[in-house]
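Structure data follow from my_file-v2.txt (compact mmCIF, C-alpha atoms):
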```
# COMPACT_ATOMS: atom_id res chain seq x y z
CA ASN A 78 -23.34 271.12 -88.26
CA ALA A 79 -20.12 269.27 -87.38
CA GLY A 80 -19.47 267.98 -90.93
CA VAL A 81 -17.32 264.83 -90.97
CA THR A 82 -15.95 263.64 -87.65
CA GLN A 83 -13.38 260.89 -87.07
CA THR A 84 -12.26 259.08 -83.96
CA PRO A 85 -9.72 258.49 -82.60
CA LYS A 86 -7.29 261.24 -83.60
CA PHE A 87 -4.24 259.12 -82.83
CA ARG A 88 -3.69 255.43 -82.17
CA ILE A 89 -0.73 253.12 -81.70
CA LEU A 90 -1.32 249.44 -82.43
CA LYS A 91 0.85 246.42 -82.01
CA ILE A 92 1.33 244.08 -84.96
CA GLY A 93 -1.57 241.66 -85.16
CA GLN A 94 -4.03 243.79 -83.19
CA SER A 95 -7.33 244.95 -84.63
CA MET A 96 -9.20 248.22 -84.41
CA THR A 97 -12.06 250.19 -85.91
CA LEU A 98 -11.71 253.74 -87.16
CA GLN A 99 -14.96 255.61 -86.76
CA CYS A 100 -16.40 258.11 -89.25
CA THR A 101 -19.66 260.02 -88.94
CA GLN A 102 -21.14 262.76 -91.11
CA ASP A 103 -24.17 264.90 -90.34
CA MET A 104 -24.78 266.32 -93.82
CA ASN A 105 -27.03 263.46 -94.98
CA HIS A 106 -24.55 262.66 -97.75
CA ASN A 107 -25.10 259.37 -99.52
CA TYR A 108 -21.51 258.84 -100.70
CA MET A 109 -18.69 258.15 -98.25
CA TYR A 110 -15.03 257.28 -98.73
CA TRP A 111 -11.98 256.09 -96.83
CA TYR A 112 -8.50 257.21 -97.92
CA ARG A 113 -5.04 256.62 -96.59
CA GLN A 114 -2.31 259.22 -96.92
CA ASP A 115 1.34 258.24 -96.85
CA PRO A 116 4.13 260.85 -96.99
CA GLY A 117 4.71 262.06 -100.53
CA MET A 118 2.12 259.68 -101.96
CA GLY A 119 -1.11 261.64 -102.07
CA LEU A 120 -4.37 260.03 -101.05
CA LYS A 121 -5.25 256.47 -101.98
CA LEU A 122 -8.85 255.24 -101.92
CA ILE A 123 -9.39 252.21 -99.68
CA TYR A 124 -13.18 251.67 -99.80
CA TYR A 125 -16.22 253.69 -100.67
CA SER A 126 -19.98 253.50 -100.22
CA VAL A 127 -22.77 254.92 -102.37
CA GLY A 128 -25.42 254.40 -99.72
CA ALA A 129 -26.44 252.41 -96.68
CA GLY A 130 -25.80 248.72 -97.27
CA ILE A 131 -23.62 249.28 -100.35
CA THR A 132 -19.84 249.25 -100.26
CA ASP A 133 -17.10 248.67 -102.82
CA LYS A 134 -13.33 248.39 -102.99
CA GLY A 135 -11.06 251.21 -103.97
CA GLU A 136 -7.44 251.11 -105.05
CA VAL A 137 -5.88 249.67 -101.85
CA PRO A 138 -8.49 247.55 -99.97
CA ASN A 139 -6.28 244.68 -98.73
CA GLY A 140 -6.19 244.38 -94.96
CA TYR A 141 -9.32 246.50 -94.42
CA ASN A 142 -13.06 246.01 -94.17
CA VAL A 143 -15.98 248.40 -94.06
CA SER A 144 -19.68 248.41 -93.39
CA ARG A 145 -22.41 250.99 -93.93
CA SER A 146 -25.50 250.26 -91.88
CA THR A 147 -26.67 253.89 -91.67
CA THR A 148 -26.33 256.98 -93.84
CA GLU A 149 -24.29 258.74 -91.16
CA ASP A 150 -21.67 256.13 -90.21
CA PHE A 151 -18.93 254.45 -92.22
CA PRO A 152 -16.47 252.58 -89.95
CA LEU A 153 -13.20 251.16 -91.25
CA ARG A 154 -11.98 247.92 -89.70
CA LEU A 155 -8.34 246.86 -89.59
CA GLU A 156 -7.81 243.17 -88.89
CA LEU A 157 -4.35 241.86 -87.98
CA ALA A 158 -2.59 245.23 -88.16
CA ALA A 159 0.73 245.33 -90.06
CA PRO A 160 3.47 248.02 -90.13
CA SER A 161 2.48 248.76 -93.75
CA GLN A 162 -0.81 250.12 -92.41
CA THR A 163 0.96 252.92 -90.58
CA SER A 164 -0.60 255.96 -92.20
CA VAL A 165 -3.00 258.84 -91.79
CA TYR A 166 -6.58 257.84 -92.58
CA PHE A 167 -9.18 260.26 -93.88
CA CYS A 168 -12.89 259.79 -94.24
CA ALA A 169 -14.83 261.92 -96.72
CA SER A 170 -18.39 262.33 -97.93
CA THR A 171 -20.28 263.90 -100.82
CA GLN A 172 -23.81 264.14 -102.07
CA ARG A 173 -24.68 262.61 -105.43
CA GLY A 174 -26.83 264.85 -107.51
CA ALA A 175 -25.54 268.05 -105.97
CA LEU A 176 -24.28 270.76 -108.29
CA SER A 177 -20.80 270.24 -106.89
CA TYR A 178 -18.91 267.00 -106.49
CA GLU A 179 -17.02 268.40 -103.51
CA GLN A 180 -15.80 265.81 -101.05
CA TYR A 181 -15.82 266.93 -97.44
CA PHE A 182 -12.98 265.48 -95.41
CA GLY A 183 -12.70 264.70 -91.74
CA PRO A 184 -9.65 265.72 -89.66
CA GLY A 185 -7.98 262.33 -89.99
CA THR A 186 -6.74 259.52 -87.76
CA ARG A 187 -2.99 259.03 -87.42
CA LEU A 188 -2.26 255.33 -86.95
CA THR A 189 1.08 253.79 -86.07
CA VAL A 190 1.59 250.02 -86.11
CA THR A 191 4.70 248.79 -84.30
CA GLY B 1169 -7.49 253.32 -114.40
CA GLU B 1170 -6.78 257.00 -114.09
CA ASN B 1171 -3.27 258.22 -113.27
CA VAL B 1172 -2.55 261.79 -112.17
CA GLU B 1173 0.95 263.25 -112.16
CA GLN B 1174 1.63 266.46 -110.22
CA HIS B 1175 4.62 268.82 -110.36
CA PRO B 1176 6.52 270.21 -108.62
CA SER B 1177 6.55 268.29 -105.35
CA THR B 1178 7.81 271.37 -103.48
CA LEU B 1179 7.59 275.05 -104.34
CA SER B 1180 8.94 278.09 -102.52
CA VAL B 1181 7.90 281.60 -103.50
CA GLN B 1182 8.32 285.06 -102.05
CA GLU B 1183 5.24 286.66 -100.62
CA GLY B 1184 3.44 288.56 -103.37
CA ASP B 1185 4.79 286.39 -106.18
CA SER B 1186 2.72 283.91 -108.18
CA ALA B 1187 2.74 280.13 -107.82
CA VAL B 1188 1.85 277.60 -110.49
CA ILE B 1189 1.24 273.88 -109.94
CA LYS B 1190 0.73 271.54 -112.88
CA CYS B 1191 -1.01 268.20 -113.26
CA THR B 1192 -1.47 265.74 -116.10
CA TYR B 1193 -4.04 262.96 -116.31
CA SER B 1194 -4.18 259.82 -118.37
CA ASP B 1195 -7.88 258.99 -118.85
CA SER B 1196 -9.44 261.10 -121.59
CA ALA B 1197 -12.89 260.31 -120.13
CA SER B 1198 -12.14 262.32 -116.97
CA ASN B 1199 -14.32 265.41 -116.84
CA TYR B 1200 -14.01 266.87 -113.34
CA PHE B 1201 -10.79 268.30 -111.91
CA PRO B 1202 -10.74 269.63 -108.33
CA TRP B 1203 -7.92 271.17 -106.34
CA TYR B 1204 -7.65 270.60 -102.60
CA LYS B 1205 -5.62 272.47 -100.00
CA GLN B 1206 -4.38 270.66 -96.93
CA GLU B 1207 -3.10 272.62 -93.97
CA LEU B 1208 -0.90 270.97 -91.39
CA GLY B 1209 -2.79 268.49 -89.25
CA LYS B 1210 -6.07 268.90 -91.12
CA GLY B 1211 -8.05 267.16 -93.82
CA PRO B 1212 -7.98 268.42 -97.43
CA GLN B 1213 -10.42 271.15 -98.36
CA LEU B 1214 -11.70 271.99 -101.83
CA ILE B 1215 -10.48 275.38 -103.05
CA ILE B 1216 -11.50 275.35 -106.72
CA ASP B 1217 -12.64 272.91 -109.38
CA ILE B 1218 -13.20 272.86 -113.11
CA ARG B 1219 -15.26 270.73 -115.47
CA SER B 1220 -14.20 269.63 -118.91
CA ASN B 1221 -16.59 271.98 -120.72
CA VAL B 1222 -14.71 274.99 -119.32
CA GLY B 1223 -11.17 276.08 -120.15
CA GLU B 1224 -10.53 278.41 -117.22
CA LYS B 1225 -12.09 279.31 -113.90
CA LYS B 1226 -11.12 282.05 -111.48
CA ASP B 1227 -11.94 282.77 -107.86
CA GLN B 1228 -10.22 285.86 -106.49
CA ARG B 1229 -6.47 285.07 -106.35
CA ILE B 1230 -6.90 281.47 -107.48
CA ALA B 1231 -7.41 280.26 -111.04
CA VAL B 1232 -7.42 276.89 -112.75
CA THR B 1233 -6.83 276.23 -116.43
CA LEU B 1234 -7.62 273.04 -118.35
CA ASN B 1235 -6.22 271.81 -121.64
CA LYS B 1236 -8.25 268.75 -122.62
CA THR B 1237 -6.24 268.05 -125.74
CA ALA B 1238 -2.97 267.84 -123.82
CA LYS B 1239 -4.71 266.33 -120.76
CA HIS B 1240 -3.24 268.75 -118.29
CA PHE B 1241 -4.57 271.32 -115.86
CA SER B 1242 -2.89 273.91 -113.67
CA LEU B 1243 -3.50 275.87 -110.49
CA HIS B 1244 -2.42 279.51 -110.43
CA ILE B 1245 -2.18 281.49 -107.21
CA THR B 1246 -1.42 285.19 -107.57
CA GLU B 1247 -0.22 287.65 -104.92
CA THR B 1248 0.71 284.80 -102.60
CA GLN B 1249 0.37 285.28 -98.86
CA PRO B 1250 1.88 283.32 -95.94
CA GLU B 1251 -1.51 281.71 -95.28
CA ASP B 1252 -1.29 280.09 -98.74
CA SER B 1253 1.48 277.86 -97.37
CA ALA B 1254 0.07 274.33 -97.42
CA VAL B 1255 0.05 271.11 -99.44
CA TYR B 1256 -2.02 271.28 -102.61
CA PHE B 1257 -3.49 268.24 -104.35
CA CYS B 1258 -4.96 267.98 -107.81
CA ALA B 1259 -7.41 265.22 -108.66
CA ALA B 1260 -9.43 263.87 -111.55
CA THR B 1261 -12.55 261.78 -112.05
CA PHE B 1262 -15.20 260.82 -114.55
CA SER B 1263 -18.43 262.00 -112.97
CA GLY B 1264 -20.52 259.72 -115.18
CA ALA B 1265 -19.09 256.63 -113.47
CA GLY B 1266 -21.44 257.23 -110.56
CA SER B 1267 -19.03 256.62 -107.70
CA TYR B 1268 -17.31 260.03 -107.92
CA GLN B 1269 -14.01 258.35 -107.10
CA LEU B 1270 -11.16 260.84 -107.16
CA THR B 1271 -7.63 259.96 -108.28
CA PHE B 1272 -5.22 262.31 -106.55
CA GLY B 1273 -1.81 263.58 -107.50
CA LYS B 1274 0.99 263.19 -104.96
CA GLY B 1275 0.78 266.77 -103.76
CA THR B 1276 2.81 269.99 -103.87
CA LYS B 1277 4.11 271.57 -100.68
CA LEU B 1278 3.93 275.32 -101.19
CA SER B 1279 5.94 277.58 -98.90
CA VAL B 1280 5.37 281.33 -99.08
CA ILE B 1281 8.32 283.22 -97.65
CA PRO B 1282 7.40 286.51 -95.96
```

How would this structure read if it were set down as structure tokens?
Amino acid sequence: NAGVTQTPKFRILKIGQSMTLQCTQDMNHNYMYWYRQDPGMGLKLIYYSVGAGITDKGEVPNGYNVSRSTTEDFPLRLELAAPSQTSVYFCASTQRGALSYEQYFGPGTRLTVT
Amino acid sequence: GENVEQHPSTLSVQEGDSAVIKCTYSDSASNYFPWYKQELGKGPQLIIDIRSNVGEKKDQRIAVTLNKTAKHFSLHITETQPEDSAVYFCAATFSGAGSYQLTFGKGTKLSVIP
């Protein structure tokens, strides 16, 4: 049971490039989330999904897109990367209906846009 | 929307002393309050949580208290050890909303000095 895995661990992008951050969970959780973490700013929700085929915006969705075609995968797409997207990105998952609302986080992807 | 304030932003204690981190929330509908610990280079991990129908919860050296009237909750760590050094985040959500979105505080960097 690997939990939540994210790839890549690190990435450097040039301004205007695009990339996809991958997230996979093997716990059969129906809820998945993408956060960004900036120094001293906590975690901000970008997008979330309550099940395959269903996604919704969080607090800071501009510049990002997501899709959820399977229960396991929740990729985050950056189009036209900007320096403001330099951050550490975390994917998380949880199971609705469980006794606990615990979100399980992946190890993160550190992205630098220059 | 919900707003969570967390204090202090940094905290240094001597090994064996107690540490207290405080958070306030703005939305009186919030009913679930988790605390996450983030070690360097890793994703956050749930250490304890409390629901609004409970005033205090304890798990070994860690306790959380909740004051619904004042809309604040606190994390207490007793007999601190060097391995407690990490960044701690409080969060809040209204579980009845269905999306289980968490609003995080900005974090407290705890340093335990041996």

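Closest approach to Asn1171 in chain B among B:Leu1234, B:Ala1259, B:Ile1281, B:Ala1254 is made by B:Ala1259 (distances from only C-alpha atoms).
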
Extract, using all atoms listed in the file, all DNA, RNA and protein residues at most 12 Å from Lys1225 in chain B, discarding same-chain residues fewer than 2 positions from it, and format them as a list in words.
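Listed by chain and then number, they are Phe1201, Pro1202, Trp1203, Ile1215, Ile1216, Asp1217, Ile1218, Arg1219, Ser1220, Asn1221, Val1222, Gly1223, Asp1227, Gln1228, Arg1229, Ile1230, Ala1231, Val1232, Thr1233, Leu1234, Phe1241, Ser1242, Leu1243 and His1244 of chain B.
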
Considering all atoms listed in the file, return as a VMD selection string whatever protein or nucleic-acid residues lie within 7 Å of range 109-123 of chain A, sequence-local ones (same chain, fewer than 2 positions apart) excluded.
(chain A and resid 107 125 to 127 134 to 138 164 to 171) or (chain B and resid 1272 to 1275)

Using all atoms listed in the file, I'd like every residue of chain B that has an atom within 12 Å of chain A; please write them out as a PyMOL selection string.
chain B and resi 1169-1178+1199-1219+1255-1277

Skipping near chain neighbours, those fewer than 6 positions away, what residues fall within 12 Å of range 89-97 of chain A using only C-alpha atoms, listed as an MDAnalysis selection string?
chainID A and resid 83 140:144 151:166 186:191

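With CA of Gln102 in chain A on one side and CA of Lys1226 in chain B on the other, the separation reads 29.8 Å.
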